[in-house]
Structures are given as structure tokens and as C-alpha cells.
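Trainee: As input, take protein35.cif (mmCIF, C-alpha atoms):
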data_work
#
loop_
_atom_site.label_atom_id
_atom_site.label_comp_id
_atom_site.auth_asym_id
_atom_site.auth_seq_id
_atom_site.Cartn_x
_atom_site.Cartn_y
_atom_site.Cartn_z
CA MET W 21 71.93 126.71 116.16
CA THR W 22 72.26 128.13 119.65
CA THR W 23 71.71 131.73 120.63
CA THR W 24 74.93 133.65 121.17
CA THR W 25 75.58 135.62 124.33
CA PRO W 26 77.61 138.83 124.59
CA THR W 27 81.23 138.39 125.55
CA THR W 28 84.24 140.65 126.01
CA HIS W 29 87.29 139.90 123.89
CA GLN W 30 90.61 140.00 125.78
CA THR W 31 93.02 142.72 124.65
CA ASP W 32 95.95 141.92 126.92
CA PRO W 33 98.91 141.07 124.63
CA ALA W 34 99.63 138.06 126.83
CA SER W 35 96.27 136.59 125.69
CA PHE W 36 97.71 136.13 122.19
CA ALA W 37 98.77 132.61 123.04
CA GLY W 38 97.18 129.23 123.26
CA ARG W 39 97.24 125.54 122.39
CA HIS W 40 96.08 124.05 119.11
CA VAL W 41 95.22 120.35 119.17
CA LEU W 42 94.97 118.50 115.85
CA ALA W 43 93.54 115.01 116.33
CA GLU W 44 92.20 111.93 114.61
CA LEU W 45 89.53 109.73 116.21
CA ARG W 46 89.40 106.17 114.92
CA GLY W 47 87.22 103.15 115.55
CA VAL W 48 83.99 105.15 115.96
CA ASP W 49 80.60 103.61 115.16
CA PRO W 50 79.59 104.85 111.66
CA ALA W 51 76.00 105.33 112.84
CA VAL W 52 77.20 107.79 115.49
CA LEU W 53 79.39 109.70 113.05
CA GLY W 54 76.49 109.93 110.59
CA ASP W 55 74.25 111.62 113.17
CA GLU W 56 75.16 115.31 113.26
CA HIS W 57 73.10 115.86 116.41
CA ALA W 58 74.91 113.07 118.29
CA VAL W 59 78.29 114.48 117.24
CA ALA W 60 77.23 118.01 118.24
CA ASP W 61 76.00 116.84 121.65
CA ALA W 62 79.25 114.94 122.25
CA LEU W 63 81.30 117.99 121.28
CA ARG W 64 79.28 120.20 123.64
CA ARG W 65 79.89 117.84 126.55
CA ALA W 66 83.59 117.66 125.75
CA LEU W 67 83.91 121.43 125.53
CA ASP W 68 82.11 121.81 128.84
CA GLU W 69 84.44 119.27 130.46
CA GLY W 70 87.45 121.13 129.08
CA GLY W 71 86.32 124.48 130.49
CA ALA W 72 85.56 126.14 127.14
CA THR W 73 82.80 128.72 126.65
CA VAL W 74 80.52 127.78 123.75
CA LEU W 75 79.02 130.72 121.86
CA ASP W 76 77.47 128.89 118.92
CA VAL W 77 77.36 125.48 117.24
CA ILE W 78 76.68 124.83 113.56
CA THR W 79 76.09 121.37 112.05
CA HIS W 80 75.88 120.04 108.51
CA ARG W 81 75.15 116.53 107.18
CA PHE W 82 76.48 115.61 103.75
CA GLU W 83 74.90 113.21 101.28
CA PRO W 84 75.29 110.33 101.02
CA GLN W 85 77.34 110.45 104.24
CA GLY W 86 79.57 112.65 106.38
CA THR W 87 79.08 115.24 109.07
CA THR W 88 80.74 118.52 110.01
CA VAL W 89 80.20 120.23 113.37
CA MET W 90 81.69 123.64 114.10
CA ALA W 91 81.74 125.31 117.53
CA LEU W 92 82.48 129.01 118.02
CA LEU W 93 84.15 129.51 121.40
CA ALA W 94 84.93 132.54 123.49
CA GLU W 95 88.45 131.06 123.54
CA SER W 96 88.51 130.39 119.73
CA HIS W 97 86.97 127.39 117.94
CA ALA W 98 86.50 123.62 117.66
CA SER W 99 85.49 121.43 114.75
CA VAL W 100 84.71 117.79 113.95
CA HIS W 101 84.78 116.44 110.39
CA ALA W 102 83.29 112.94 110.52
CA TYR W 103 83.79 110.17 107.95
CA PRO W 104 81.36 107.32 108.74
CA GLU W 105 82.72 105.23 105.87
CA ALA W 106 86.13 105.22 107.61
CA SER W 107 84.78 105.04 111.19
CA ALA W 108 86.98 108.09 111.83
CA ALA W 109 86.91 111.84 112.34
CA PHE W 110 89.31 114.76 112.16
CA VAL W 111 89.16 117.07 115.18
CA ASP W 112 90.56 120.59 115.52
CA VAL W 113 90.44 122.44 118.87
CA PHE W 114 92.19 125.76 119.45
CA THR W 115 91.84 127.73 122.68
CA CYS W 116 93.57 130.97 123.67
CA GLY W 117 94.72 131.69 127.19
CA VAL W 118 94.85 129.19 130.04
CA GLN W 119 91.21 128.79 131.11
CA ALA W 120 90.26 126.05 128.67
CA ASP W 121 92.15 122.77 128.15
CA PRO W 122 91.91 121.68 124.48
CA GLU W 123 93.67 118.39 125.18
CA LEU W 124 91.04 117.46 127.74
CA VAL W 125 88.38 118.41 125.18
CA VAL W 126 89.85 115.98 122.64
CA ASP W 127 90.26 113.18 125.18
CA THR W 128 86.69 113.63 126.39
CA LEU W 129 85.30 113.78 122.86
CA GLY W 130 87.04 110.51 122.05
CA ARG W 131 85.35 108.85 125.01
CA GLU W 132 81.96 110.41 124.24
CA LEU W 133 82.03 109.10 120.67
CA GLY W 134 83.42 105.72 121.67
CA ALA W 135 86.68 106.02 119.72
CA THR W 136 89.07 103.10 120.06
CA GLU W 137 92.07 105.29 119.19
CA VAL W 138 92.90 108.98 119.60
CA ARG W 139 95.93 110.43 117.83
CA ALA W 140 96.76 114.04 118.69
CA GLN W 141 99.39 116.67 118.03
CA VAL W 142 99.68 119.72 120.30
CA VAL W 143 101.06 122.98 118.92
CA ALA W 144 101.90 125.94 121.18
CA ARG W 145 100.82 129.12 119.42
CA GLY W 146 101.33 132.79 120.14
CA ALA W 147 104.17 135.12 121.09
CA GLY W 148 106.20 132.56 123.02
CA LEU W 149 103.61 132.64 125.80
CA ALA W 150 101.53 129.58 125.00
CA PRO W 151 101.23 126.86 127.61
CA ALA W 152 103.35 123.80 127.16
CA GLY W 153 101.93 121.05 125.03
CA GLY W 154 100.96 117.96 126.92
CA GLY W 155 99.10 115.60 124.63
CA ARG W 156 100.87 113.10 122.41
CA GLU W 157 103.41 115.43 120.83
CA VAL W 158 105.13 118.68 121.73
CA ASP W 159 106.46 121.11 119.13
CA GLU W 160 109.49 122.75 120.74
CA PRO W 161 110.60 126.06 119.16
CA LEU W 162 114.27 126.07 118.18
CA ALA W 163 114.78 129.19 116.07
CA ALA W 164 112.93 131.26 113.50
CA GLY W 165 111.24 128.80 111.17
CA MET W 166 112.52 125.75 113.10
CA ARG W 167 110.81 123.44 115.55
CA ARG W 168 111.60 120.07 117.13
CA ARG W 169 108.78 117.60 117.68
CA TRP W 170 108.77 115.36 120.75
CA ARG W 171 106.56 112.28 120.85
CA LEU W 172 105.07 111.80 124.32
CA ASP W 173 104.60 108.17 125.22
CA GLU W 174 103.02 108.99 128.58
CA VAL W 175 102.28 112.23 130.40
CA LEU W 176 103.13 111.76 134.08
CA TRP W 177 102.08 115.25 135.16
CA ARG W 178 101.03 118.43 133.43
CA GLY W 179 99.94 121.69 135.02
CA ARG W 180 100.50 125.37 135.61
CA THR W 181 102.80 126.47 138.42
CA GLU W 182 102.84 130.07 139.58
CA TRP W 183 105.58 130.84 137.06
CA GLN W 184 105.30 128.51 134.08
CA ASP W 185 103.56 125.62 132.37
CA MET W 186 105.27 122.40 133.36
CA MET W 187 105.08 118.84 132.14
CA VAL W 188 106.87 115.60 132.95
CA ALA W 189 106.46 112.90 130.32
CA ARG W 190 108.01 109.73 128.97
CA THR W 191 109.77 110.31 125.64
CA ALA W 192 112.29 108.44 123.52
CA GLN W 193 114.94 109.89 125.89
CA GLY W 194 113.25 108.56 129.01
CA ILE W 195 111.39 110.64 131.58
CA SER W 196 111.69 114.26 130.44
CA LEU W 197 110.95 117.73 131.81
CA PHE W 198 109.28 120.42 129.67
CA CYS W 199 108.61 124.00 130.78
CA ASP W 200 106.65 126.46 128.64
CA GLY W 201 106.79 124.04 125.74
CA GLU W 202 110.59 123.65 125.80
CA ARG W 203 112.60 120.61 126.81
CA GLN W 204 114.63 121.34 129.96
CA SER W 205 116.17 117.94 130.66
CA THR W 206 115.74 114.28 129.82
CA GLU W 207 116.70 111.08 131.59
CA GLN W 208 119.12 110.16 128.81
CA SER W 209 120.91 113.50 128.41
CA GLN W 210 120.61 115.28 131.76
CA LEU W 211 123.96 114.16 133.17
CA VAL W 212 125.83 115.30 130.05
CA TYR W 213 124.07 118.67 130.33
CA HIS W 214 124.68 119.14 134.04
CA GLU W 215 128.32 118.01 133.91
CA ALA W 216 128.97 120.48 131.09
CA LEU W 217 127.39 123.22 133.20
CA ALA W 218 128.86 122.46 136.61
CA VAL W 219 132.21 120.72 136.17
CA PRO W 220 134.27 123.46 134.40
CA PRO W 221 133.52 126.19 137.01
CA MET W 222 134.16 123.76 139.86
CA LEU W 223 137.55 122.98 138.32
CA LEU W 224 138.44 126.63 137.67
CA ALA W 225 137.67 127.79 141.23
CA ASP W 226 140.59 127.82 143.68
CA GLU W 227 138.41 126.46 146.49
CA LEU W 228 135.32 124.28 146.40
CA ARG W 229 133.78 124.51 149.83
CA SER W 230 130.61 126.49 149.09
CA VAL W 231 128.42 126.59 145.96
CA LEU W 232 125.43 128.77 145.12
CA VAL W 233 123.01 127.42 142.47
CA VAL W 234 120.41 129.72 140.89
CA GLY W 235 117.71 127.82 138.98
CA SER W 236 118.41 124.19 138.03
CA SER W 237 115.14 122.85 139.42
CA GLU W 238 116.12 119.17 139.19
CA GLY W 239 118.86 119.37 141.84
CA VAL W 240 121.56 117.54 139.85
CA VAL W 241 124.01 120.46 140.13
CA SER W 242 123.73 120.36 143.94
CA GLN W 243 124.57 116.67 143.89
CA LEU W 244 127.57 117.20 141.59
CA ALA W 245 128.87 119.89 143.95
CA LEU W 246 128.66 117.54 146.92
CA ALA W 247 130.39 114.79 144.94
CA ALA W 248 133.27 117.19 144.23
CA GLY W 249 133.72 117.95 147.92
CA ALA W 250 131.56 121.00 148.61
CA THR W 251 130.33 121.13 152.18
CA ARG W 252 127.68 123.81 151.66
CA VAL W 253 125.30 124.23 148.73
CA ASP W 254 122.67 126.97 148.62
CA HIS W 255 120.03 126.32 145.96
CA VAL W 256 117.79 129.26 144.96
CA ASP W 257 114.72 128.73 142.79
CA ILE W 258 111.64 130.92 142.43
CA ASP W 259 109.37 128.06 141.31
CA THR W 260 108.93 125.93 144.40
CA GLU W 261 106.24 123.74 142.87
CA CYS W 262 108.43 122.91 139.88
CA VAL W 263 111.30 121.89 142.17
CA ARG W 264 108.98 119.65 144.20
CA ARG W 265 107.38 118.07 141.13
CA CYS W 266 110.85 117.31 139.78
CA ALA W 267 111.80 115.56 143.01
CA GLU W 268 108.59 113.52 142.92
CA LEU W 269 108.64 112.53 139.27
CA LEU W 270 112.16 112.62 137.83
CA PRO W 271 114.49 109.64 138.32
CA TYR W 272 117.46 112.04 138.57
CA GLY W 273 118.26 114.93 140.89
CA TYR W 274 116.73 115.32 144.33
CA THR W 275 114.66 112.59 145.87
CA PRO W 276 111.63 113.82 147.86
CA ALA W 277 113.50 113.06 151.10
CA GLU W 278 116.61 114.98 149.98
CA LEU W 279 114.53 117.96 148.96
CA ALA W 280 112.60 117.93 152.25
CA ALA W 281 115.90 117.99 154.15
CA ALA W 282 117.18 120.84 151.98
CA GLU W 283 114.01 122.86 152.54
CA ALA W 284 114.36 122.31 156.28
CA GLY W 285 118.05 123.32 156.17
CA ASP W 286 118.98 119.90 157.52
CA GLY W 287 122.24 118.97 155.82
CA PRO W 288 124.78 120.43 153.41
CA VAL W 289 122.14 121.55 150.86
CA ARG W 290 119.83 124.44 151.74
CA MET W 291 116.84 125.22 149.52
CA HIS W 292 115.72 128.85 149.17
CA ASP W 293 112.36 129.80 147.65
CA ALA W 294 113.41 133.17 146.25
CA ASP W 295 114.03 135.33 143.21
CA GLY W 296 117.73 135.00 142.31
CA TRP W 297 117.98 138.70 141.49
CA GLN W 298 116.95 139.79 144.97
CA PHE W 299 118.67 136.89 146.74
CA LEU W 300 122.06 137.97 145.36
CA ALA W 301 121.52 141.59 146.40
CA ASP W 302 120.53 140.57 149.93
CA ALA W 303 123.42 138.10 150.21
CA ALA W 304 125.95 140.75 149.17
CA ALA W 305 124.53 143.14 151.77
CA ARG W 306 124.95 140.44 154.44
CA GLY W 307 128.52 139.76 153.34
CA GLU W 308 127.85 136.15 152.29
CA ARG W 309 130.36 134.59 149.91
CA TRP W 310 130.59 131.43 147.77
CA ASP W 311 133.45 129.76 145.92
CA VAL W 312 131.26 128.97 142.90
CA VAL W 313 128.02 130.53 141.64
CA ILE W 314 126.18 128.54 138.95
CA VAL W 315 123.24 130.05 137.06
CA ASP W 316 121.11 127.46 135.27
CA LEU W 317 118.15 128.98 133.43
CA PRO W 318 116.04 128.37 130.33
CA ASP W 319 117.53 129.82 127.16
CA GLU W 320 117.56 133.62 127.08
CA PRO W 321 114.67 135.63 125.64
CA VAL W 322 115.47 137.99 122.77
CA GLU W 323 116.37 140.86 125.10
CA VAL W 324 117.21 141.18 128.78
CA THR W 325 114.21 143.53 129.02
CA ASP W 326 111.91 140.67 127.96
CA PRO W 327 109.04 140.32 130.48
CA ALA W 328 110.02 136.72 131.26
CA GLN W 329 110.97 136.49 134.94
CA HIS W 330 114.40 135.00 134.26
CA ALA W 331 115.43 137.38 131.44
CA ARG W 332 117.26 139.88 133.66
CA LEU W 333 119.35 137.07 135.16
CA TYR W 334 121.22 136.92 131.85
CA GLY W 335 122.30 140.57 131.99
CA ALA W 336 125.67 142.08 132.88
CA GLU W 337 124.22 143.63 136.04
CA PHE W 338 123.26 140.22 137.37
CA LEU W 339 126.68 138.83 136.52
CA ARG W 340 128.20 141.65 138.58
CA ARG W 341 125.90 140.74 141.47
CA CYS W 342 127.20 137.18 141.22
CA ALA W 343 130.81 138.43 141.14
CA ASP W 344 130.16 140.50 144.27
CA VAL W 345 129.50 137.36 146.35
CA LEU W 346 132.58 135.38 145.25
CA THR W 347 135.41 134.40 147.53
CA PRO W 348 138.94 135.17 146.22
CA GLY W 349 139.58 132.84 143.27
CA GLY W 350 135.87 132.18 142.96
CA VAL W 351 133.99 131.48 139.71
CA VAL W 352 130.63 132.40 138.17
CA CYS W 353 129.15 130.12 135.52
CA SER W 354 126.05 130.56 133.38
CA GLN W 355 124.26 128.60 130.71
CA ALA W 356 125.12 130.79 127.73
CA GLY W 357 123.03 129.65 124.80
CA CYS W 358 123.80 127.44 121.84
CA PRO W 359 126.91 127.38 119.62
CA THR W 360 125.07 126.35 116.46
CA LEU W 361 124.83 129.03 113.79
CA TRP W 362 121.03 129.31 113.81
CA ARG W 363 120.73 129.53 117.61
CA ASN W 364 123.82 131.44 118.76
CA ASP W 365 122.27 134.83 119.60
CA THR W 366 122.44 134.15 123.32
CA LEU W 367 126.03 132.91 123.15
CA GLN W 368 127.09 136.02 121.24
CA ARG W 369 125.56 138.34 123.83
CA MET W 370 126.75 136.34 126.84
CA THR W 371 130.33 136.21 125.56
CA ASP W 372 130.40 140.00 125.38
CA ARG W 373 128.91 140.32 128.86
CA PHE W 374 131.33 137.87 130.46
CA ASP W 375 134.26 139.65 128.82
CA ASP W 376 132.99 142.94 130.27
CA VAL W 377 132.62 141.60 133.82
CA PHE W 378 135.42 139.03 134.22
CA ALA W 379 139.16 139.15 133.61
CA THR W 380 139.24 135.40 132.93
CA VAL W 381 136.60 133.56 130.89
CA LEU W 382 136.58 129.81 130.28
CA PRO W 383 134.04 128.65 127.64
CA TYR W 384 132.74 125.10 127.45
CA CYS W 385 130.82 124.13 124.32
CA SER W 386 129.57 120.63 124.93
CA ASP W 387 130.24 118.15 122.12
CA GLU W 388 127.56 115.79 123.44
CA HIS W 389 124.82 118.33 124.03
CA GLU W 390 123.60 121.41 122.20
CA TRP W 391 124.43 124.05 124.83
CA ALA W 392 127.39 126.25 125.65
CA TYR W 393 128.48 127.57 129.06
CA LEU W 394 130.78 130.36 130.25
CA SER W 395 132.77 130.46 133.51
CA GLY W 396 134.37 133.67 134.74
CA ARG W 397 136.86 134.80 137.39
CA VAL W 398 137.37 138.44 138.31
CA ASP W 399 141.15 137.92 138.53
CA PRO W 400 143.39 137.07 135.54
CA VAL W 401 144.49 133.46 135.01
CA ASP W 402 147.21 132.82 132.41
CA ASP W 403 145.88 129.45 131.20
CA PRO W 404 142.43 128.66 132.57
CA VAL W 405 142.13 125.46 130.52
CA ALA W 406 145.36 124.05 131.93
CA LEU W 407 144.33 125.05 135.45
CA ALA W 408 140.96 123.29 135.08
CA ILE W 409 142.61 120.16 133.68
CA SER W 410 145.05 120.02 136.60
CA ARG W 411 142.11 119.70 139.01
CA LEU W 412 140.13 116.93 137.31
CA ASP W 413 140.79 114.66 140.29
CA ARG W 414 138.28 116.76 142.24
CA PHE W 415 135.61 114.61 140.64
CA PRO W 416 135.80 110.91 141.48
CA GLU W 417 133.78 110.01 138.38
CA LEU W 418 132.72 111.84 135.23
CA THR W 419 130.81 110.48 132.24
CA SER W 420 131.36 113.17 129.60
CA ILE W 421 134.36 115.38 130.48
CA ASP W 422 138.09 114.73 130.42
CA ALA W 423 141.17 116.80 129.55
CA ASP W 424 140.60 116.56 125.80
CA ALA W 425 136.94 117.58 126.18
CA LEU W 426 137.98 120.65 128.19
CA ARG W 427 140.51 121.68 125.56
CA ARG W 428 138.06 121.24 122.71
CA GLY W 429 135.14 122.81 124.54
CA ALA W 430 137.12 125.96 125.38
CA ILE W 431 137.22 126.96 121.69
CA LEU W 432 134.22 129.12 120.82
CA PRO W 433 132.67 128.66 117.37
CA PHE W 434 134.32 130.67 114.59
CA ALA W 435 131.18 132.79 114.11
CA ILE W 436 131.43 133.93 117.73
CA ARG W 437 135.19 134.46 117.72
CA ALA W 438 135.05 136.44 114.52
CA GLY W 439 132.60 138.89 116.10
CA LEU W 440 134.62 139.61 119.22
CA PRO W 441 136.30 143.03 119.65
CA GLY W 442 139.82 143.00 118.22
CA SER W 443 139.33 139.85 116.15
#
Kindly return the structure encoded in the file as C-alpha cells.
Mentor:
Amino acid sequence: MTTTTPTTHQTDPASFAGRHVLAELRGVDPAVLGDEHAVADALRRALDEGGATVLDVITHRFEPQGTTVMALLAESHASVHAYPEASAAFVDVFTCGVQADPELVVDTLGRELGATEVRAQVVARGAGLAPAGGGREVDEPLAAGMRRRWRLDEVLWRGRTEWQDMMVARTAQGISLFCDGERQSTEQSQLVYHEALAVPPMLLADELRSVLVVGSSEGVVSQLALAAGATRVDHVDIDTECVRRCAELLPYGYTPAELAAAEAGDGPVRMHDADGWQFLADAAARGERWDVVIVDLPDEPVEVTDPAQHARLYGAEFLRRCADVLTPGGVVCSQAGCPTLWRNDTLQRMTDRFDDVFATVLPYCSDEHEWAYLSGRVDPVDDPVALAISRLDRFPELTSIDADALRRGAILPFAIRAGLPGS
């Protein structure tokens, strides 16, 4: 047993978050697994490689066989339960905060023990602040008591940007983007998502010369705007590294060359490294105007006052800032949550906010994706669905939207309609 050293426990609420890796090591030499000192030494080396702070290590050898090694960490704990008769071991590594990398610990331990196979599941734990999983599986939170598990066939990149944990990995839906443990887009579904977001507002707007995009790191919305005839697209995103990683690694959206041109202001797309909240205020003060403003963000936190950077961009005040920079007949669109009963909190709130800010609101609840979107004009339009349908020829090619889809998508779920004022 090692001698413990004094340490200070973190009390910042944000420290109540971490990654928990549950793993199985297979194909390990039984002689190694039966030696508690060899297992302990391997675990120490793995913890050191993963940046963990070891406070104490306890070992126990069972008769006639079997070994357990427990490590107390400043970041939490790690354990190995070895079964020599099966040439296998169960491994459990949990670390709080972002200093230690439990996935690296598990990978290193597998190599140190000579495992021929490592199976791991990564669980994000804590108050919605845990780093994104990046091992072999990701548990994506859906709603209270509900999660969706993604199998990762290959992790192409995983790291921490200034604003979020980001990962690009191969999944059953192709190359996929995860931020803070939540799926943002996948190769298979991204065009359905982005068409549902961008096409309705671009049809509802009277003109389509200039488009402002807030968020939407992949760049697909910018490309859809150009395809529809826009001659100027301003793309604002606070996470520059995420945008660049997307261009490098995703097979959709900007290419590295297109993004470099946009960052240099060389062409119809101009990239702005800025906070959307402040960018809109500054643009209004300068008198800048756009025909369409599209806000593409992760799903809304519980309240607009949530400390997440993007939370305030879902509020009515931000929608008014967007309305202030519209040309006559212009449109604001926002990702507005999910229409399903167990995930519709955001859609309920956003519907109320759009109705407060805009005289005309066109919903689009995608029938091929799980999200809903709202488009608003400050002036009244008698039949926004018919107006949007009449302009479908603005897009030379669409894969998921036609007149029938627009009609169907404009009907909000009954649960939302029943809660509206006057219903």
C-alpha cells in the first residue's frame, strides 16, 4: 500500500462531471492476471499515462485464483478484477473533471497487460457538464431517464476546444460529429437535418440575396444558401476550432479550402469568429441587414439563464436582435427542439417566443429527422405555407422536402397546439 499525500477536493459545481469507462480486457496471459503486483504495476503505469493522480493502491489475491486491484485517485477511482481462468479482466475507471483521460488509461492498461481485445463503454456523468465520450460507445442523453447509445467504430479525432468537448467518429450512420456527448450531425442524416432547417425560411423570405448563419459549424447551411441563389453568406461561430475540425474531418459541409477562403473573406461566404449575441448587436448598430437569419445551435438547456454559452441565443431577446437586422420581408429561423412528447420542452417554449416576436410563424417538423424548426416574419402573411410552396423552384434539387412535406411539417404536434394561448 502506498502512502497517501494531502490533496484539496474541488468544490466548484462544474467539477461534478466526468467520464466513467467500463471495460473488459480479453486474451491476457493467466500468469500475469494471477500476479497482483504485476497487475498493480500495470495499472499505475496506465494511470500515469492517462494523467490521473494516484493516492493509494490496494491489492488482493484470491485462492485458488483471481486478483483485485483498487486505486484511489484524486479524480475518483480505478479498479481491475482479474479472472486468470478466463484470461480476462473487468476494468472500471472513473475520473472527474478534464485533467485525466480514463479512456487513455484503459487503452494503456490493455497494452501493458498484453490484452488481445479491449471492449469499452464510456458514460458521461454529472450535471450535463461531462466531457463527450470517445471510446467505443457514447451514451447520448435524450430526456429524463432516457439515453441513446452510439457504437463508435473508429474515433477520428477527440479533444477539448475552448468551448466544448468534440469528437468525430465513424458510426453506423457514417462519419458523425458529437459535441459534449451529444450527436450533432451524421453523414447519413445531415442533409435531411440541414434541409429541414434552412429550406423553409429561404422559401418564406421575399428575397434571397444575403443570409446570416449563427452556429452550424459544419457549413452545410452556407452551401444550401448559395445553391438557392444567395450571393452573400455571413457565417458566425464562436468555436473556431470546431469549425476547422469539421472542415478537415467531415465528408460534408466546408472543405478546408472553402473554409480558408471564407475566413479570408475571399468569395460569397465570410466566416466570423464571434459570439452571435454580440455580433447581432454590433451589426444592428452598423445598419447591416440580411434577407434570412438562421440560428443552428445544440438543443436548448432547461432555461435561457443556463450557464451554457448558447443558452441565451434561444431567448426572445435574441430573436428580437435577429429581427432587427432583417430586410423587409426577411425571415428568422431557429432550431426549436423536438416534437416528440418526451422531448418537447424546447419546442413549447420556442413556439411561445416566436409568437411573441413575429406576426407570421411557419413551423417545420421534419418527418425524417427528430427535430422541429420555426421560421418567423415580422409582417403578417395570410398563408405562409402556400407562399413557401410557390417558391420551391428556388432550389434546383432537394432530397427531403416537397410541397406535401411543407404542408405536413407546418402542423405542430397536438400537445403543443393544445397549450397555445386561445386554444
Trainee: Of the candidates W:Ala102, W:Gly47, W:Arg145, W:Cys199, which shows the shortest atom-to-atom distance to Arg131 (chain W), using all atoms listed in the file?
Mentor: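 Among the listed residues, W:Gly47 lies closest to Arg131 (chain W).
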Trainee: Which residue is closest to Pro271 (chain W)? Choose from W:Arg190, W:Asp295, W:Tyr334, W:Val212 and count all atoms listed in the file.
Mentor: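 Nearest candidate to Pro271 (chain W) out of W:Arg190, W:Asp295, W:Tyr334, W:Val212: W:Arg190.
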Trainee: Please determine, counting only C-alpha atoms, which residue among W:Met90, W:Val142, W:Ala98, W:Val59 has the shortest atom-to-atom distance to Gly38 (chain W).
Mentor: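 Of the candidates, the smallest distance to Gly38 (chain W) is held by W:Val142.
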Trainee: Given the file shown, enumerate the residues that the PyMOL selection byres ((chain W and resi 346) around 8) captures and present them as a count of residues only.
Mentor: 15
Trainee: Could you check which of W:Asp399, W:Glu182, W:Glu283, W:Glu390 is closest to Phe378 (chain W), using all atoms listed in the file?
Mentor: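 Checking each of W:Asp399, W:Glu182, W:Glu283, W:Glu390 against Phe378 (chain W), counting all atoms listed in the file, the winner is W:Asp399.
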Trainee: As an exercise, work out the distance from CA of Glu95 (chain W) to CA of Leu162 (chain W) in Å and give it to one decimal place.
Mentor: 26.8 Å
Trainee: Have a look at CA of Gly54 (chain W) and CA of Glu105 (chain W) and let me know their distance in Å, one decimal.
Mentor: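 We find that CA of Gly54 (chain W) and CA of Glu105 (chain W) lie 9.1 Å from each other.
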Trainee: Which residues, named as in the file, does the PyMOL selection byres ((chain W and resi 81) around 12) pick out? Answer as a PDB file with C-alpha atoms, in the frame of the given file.
Mentor:
ATOM      1  CA  LEU W  53      79.390 109.700 113.050  1.00  0.00           C
ATOM      2  CA  GLY W  54      76.490 109.930 110.590  1.00  0.00           C
ATOM      3  CA  ASP W  55      74.250 111.620 113.170  1.00  0.00           C
ATOM      4  CA  GLU W  56      75.160 115.310 113.260  1.00  0.00           C
ATOM      5  CA  HIS W  57      73.100 115.860 116.410  1.00  0.00           C
ATOM      6  CA  ALA W  58      74.910 113.070 118.290  1.00  0.00           C
ATOM      7  CA  VAL W  59      78.290 114.480 117.240  1.00  0.00           C
ATOM      8  CA  ALA W  60      77.230 118.010 118.240  1.00  0.00           C
ATOM      9  CA  ILE W  78      76.680 124.830 113.560  1.00  0.00           C
ATOM     10  CA  THR W  79      76.090 121.370 112.050  1.00  0.00           C
ATOM     11  CA  HIS W  80      75.880 120.040 108.510  1.00  0.00           C
ATOM     12  CA  PHE W  82      76.480 115.610 103.750  1.00  0.00           C
ATOM     13  CA  GLU W  83      74.900 113.210 101.280  1.00  0.00           C
ATOM     14  CA  PRO W  84      75.290 110.330 101.020  1.00  0.00           C
ATOM     15  CA  GLN W  85      77.340 110.450 104.240  1.00  0.00           C
ATOM     16  CA  GLY W  86      79.570 112.650 106.380  1.00  0.00           C
ATOM     17  CA  THR W  87      79.080 115.240 109.070  1.00  0.00           C
ATOM     18  CA  THR W  88      80.740 118.520 110.010  1.00  0.00           C
ATOM     19  CA  VAL W  89      80.200 120.230 113.370  1.00  0.00           C
ATOM     20  CA  MET W  90      81.690 123.640 114.100  1.00  0.00           C
ATOM     21  CA  VAL W 100      84.710 117.790 113.950  1.00  0.00           C
ATOM     22  CA  HIS W 101      84.780 116.440 110.390  1.00  0.00           C
ATOM     23  CA  ALA W 102      83.290 112.940 110.520  1.00  0.00           C
ATOM     24  CA  TYR W 103      83.790 110.170 107.950  1.00  0.00           C
ATOM     25  CA  PRO W 104      81.360 107.320 108.740  1.00  0.00           C
TER      26      PRO W 104
END
Trainee: Closest to Gln119 (chain W) among W:His97, W:Arg180, W:Arg169, W:Arg46, using only C-alpha atoms?
Mentor: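 The closest residue to Gln119 (chain W) is W:Arg180.
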Trainee: Using all atoms listed in the file, which of the listed residues (W:Pro161, W:Pro359, W:Gly307, W:Pro416) sits closest to Ala248 (chain W)?
Mentor: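 Of W:Pro161, W:Pro359, W:Gly307, W:Pro416, the one nearest Ala248 (chain W), counting all atoms listed in the file, is W:Pro416.
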Trainee: Spell out the residues picked by the PyMOL selection byres ((chain W and resi 225) around 12) here, as a VMD selection string.
Mentor: chain W and resid 218 to 224 226 to 231 248 250 310 to 314 346 to 353 380 to 382 395 to 399 401 404 to 405 407 to 412 414
Trainee: Just how far from CA of Leu124 (chain W) is CA of Thr73 (chain W), in Å to one decimal?
Mentor: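 Taking CA of Thr73 (chain W) and CA of Leu124 (chain W), their separation equals 14.0 Å.
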Trainee: Residues near region 435-439 of chain W, anyone? I mean within 8 Å using only C-alpha atoms, not counting same-chain ones fewer than 3 positions away, as a PyMOL selection string.
Mentor: chain W and resi 361+367-368+432+443
Trainee: Just to be explicit: take each residue in the selection above, keep C-alpha atoms, and write the result as an mmCIF file, in the frame of the given file.
Mentor:
data_model
loop_
_atom_site.group_PDB
_atom_site.id
_atom_site.type_symbol
_atom_site.label_atom_id
_atom_site.label_comp_id
_atom_site.auth_asym_id
_atom_site.auth_seq_id
_atom_site.Cartn_x
_atom_site.Cartn_y
_atom_site.Cartn_z
ATOM 1 C CA LEU W 361 124.830 129.030 113.790
ATOM 2 C CA LEU W 367 126.030 132.910 123.150
ATOM 3 C CA GLN W 368 127.090 136.020 121.240
ATOM 4 C CA LEU W 432 134.220 129.120 120.820
ATOM 5 C CA SER W 443 139.330 139.850 116.150
#
Trainee: Name all residues at most 10 Å from Asp61 (chain W) (count only C-alpha atoms; drop same-chain ones fewer than 5 positions away) and give them as a ChimeraX atom specification.
Mentor: /W:56,66-67,77,89,129,132-133
Trainee: Saving region 265-278 of chain W with C-alpha atoms, as a PDB file, in the first residue's frame, what would that file be?
Mentor:
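Dumped everything to selection-v2.pdb:
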ATOM      1  CA  ARG W 265     -12.024  20.306 -37.393  1.00  0.00           C
ATOM      2  CA  CYS W 266     -15.346  19.795 -39.157  1.00  0.00           C
ATOM      3  CA  ALA W 267     -13.865  21.021 -42.431  1.00  0.00           C
ATOM      4  CA  GLU W 268     -10.881  18.700 -42.030  1.00  0.00           C
ATOM      5  CA  LEU W 269     -12.727  15.569 -40.964  1.00  0.00           C
ATOM      6  CA  LEU W 270     -16.349  15.600 -42.141  1.00  0.00           C
ATOM      7  CA  PRO W 271     -17.195  14.491 -45.696  1.00  0.00           C
ATOM      8  CA  TYR W 272     -19.985  17.107 -45.804  1.00  0.00           C
ATOM      9  CA  GLY W 273     -20.020  20.872 -45.384  1.00  0.00           C
ATOM     10  CA  TYR W 274     -16.974  23.055 -45.944  1.00  0.00           C
ATOM     11  CA  THR W 275     -13.816  21.662 -47.415  1.00  0.00           C
ATOM     12  CA  PRO W 276     -10.596  23.041 -45.869  1.00  0.00           C
ATOM     13  CA  ALA W 277     -10.083  25.198 -48.976  1.00  0.00           C
ATOM     14  CA  GLU W 278     -13.630  26.591 -48.832  1.00  0.00           C
TER      15      GLU W 278
END
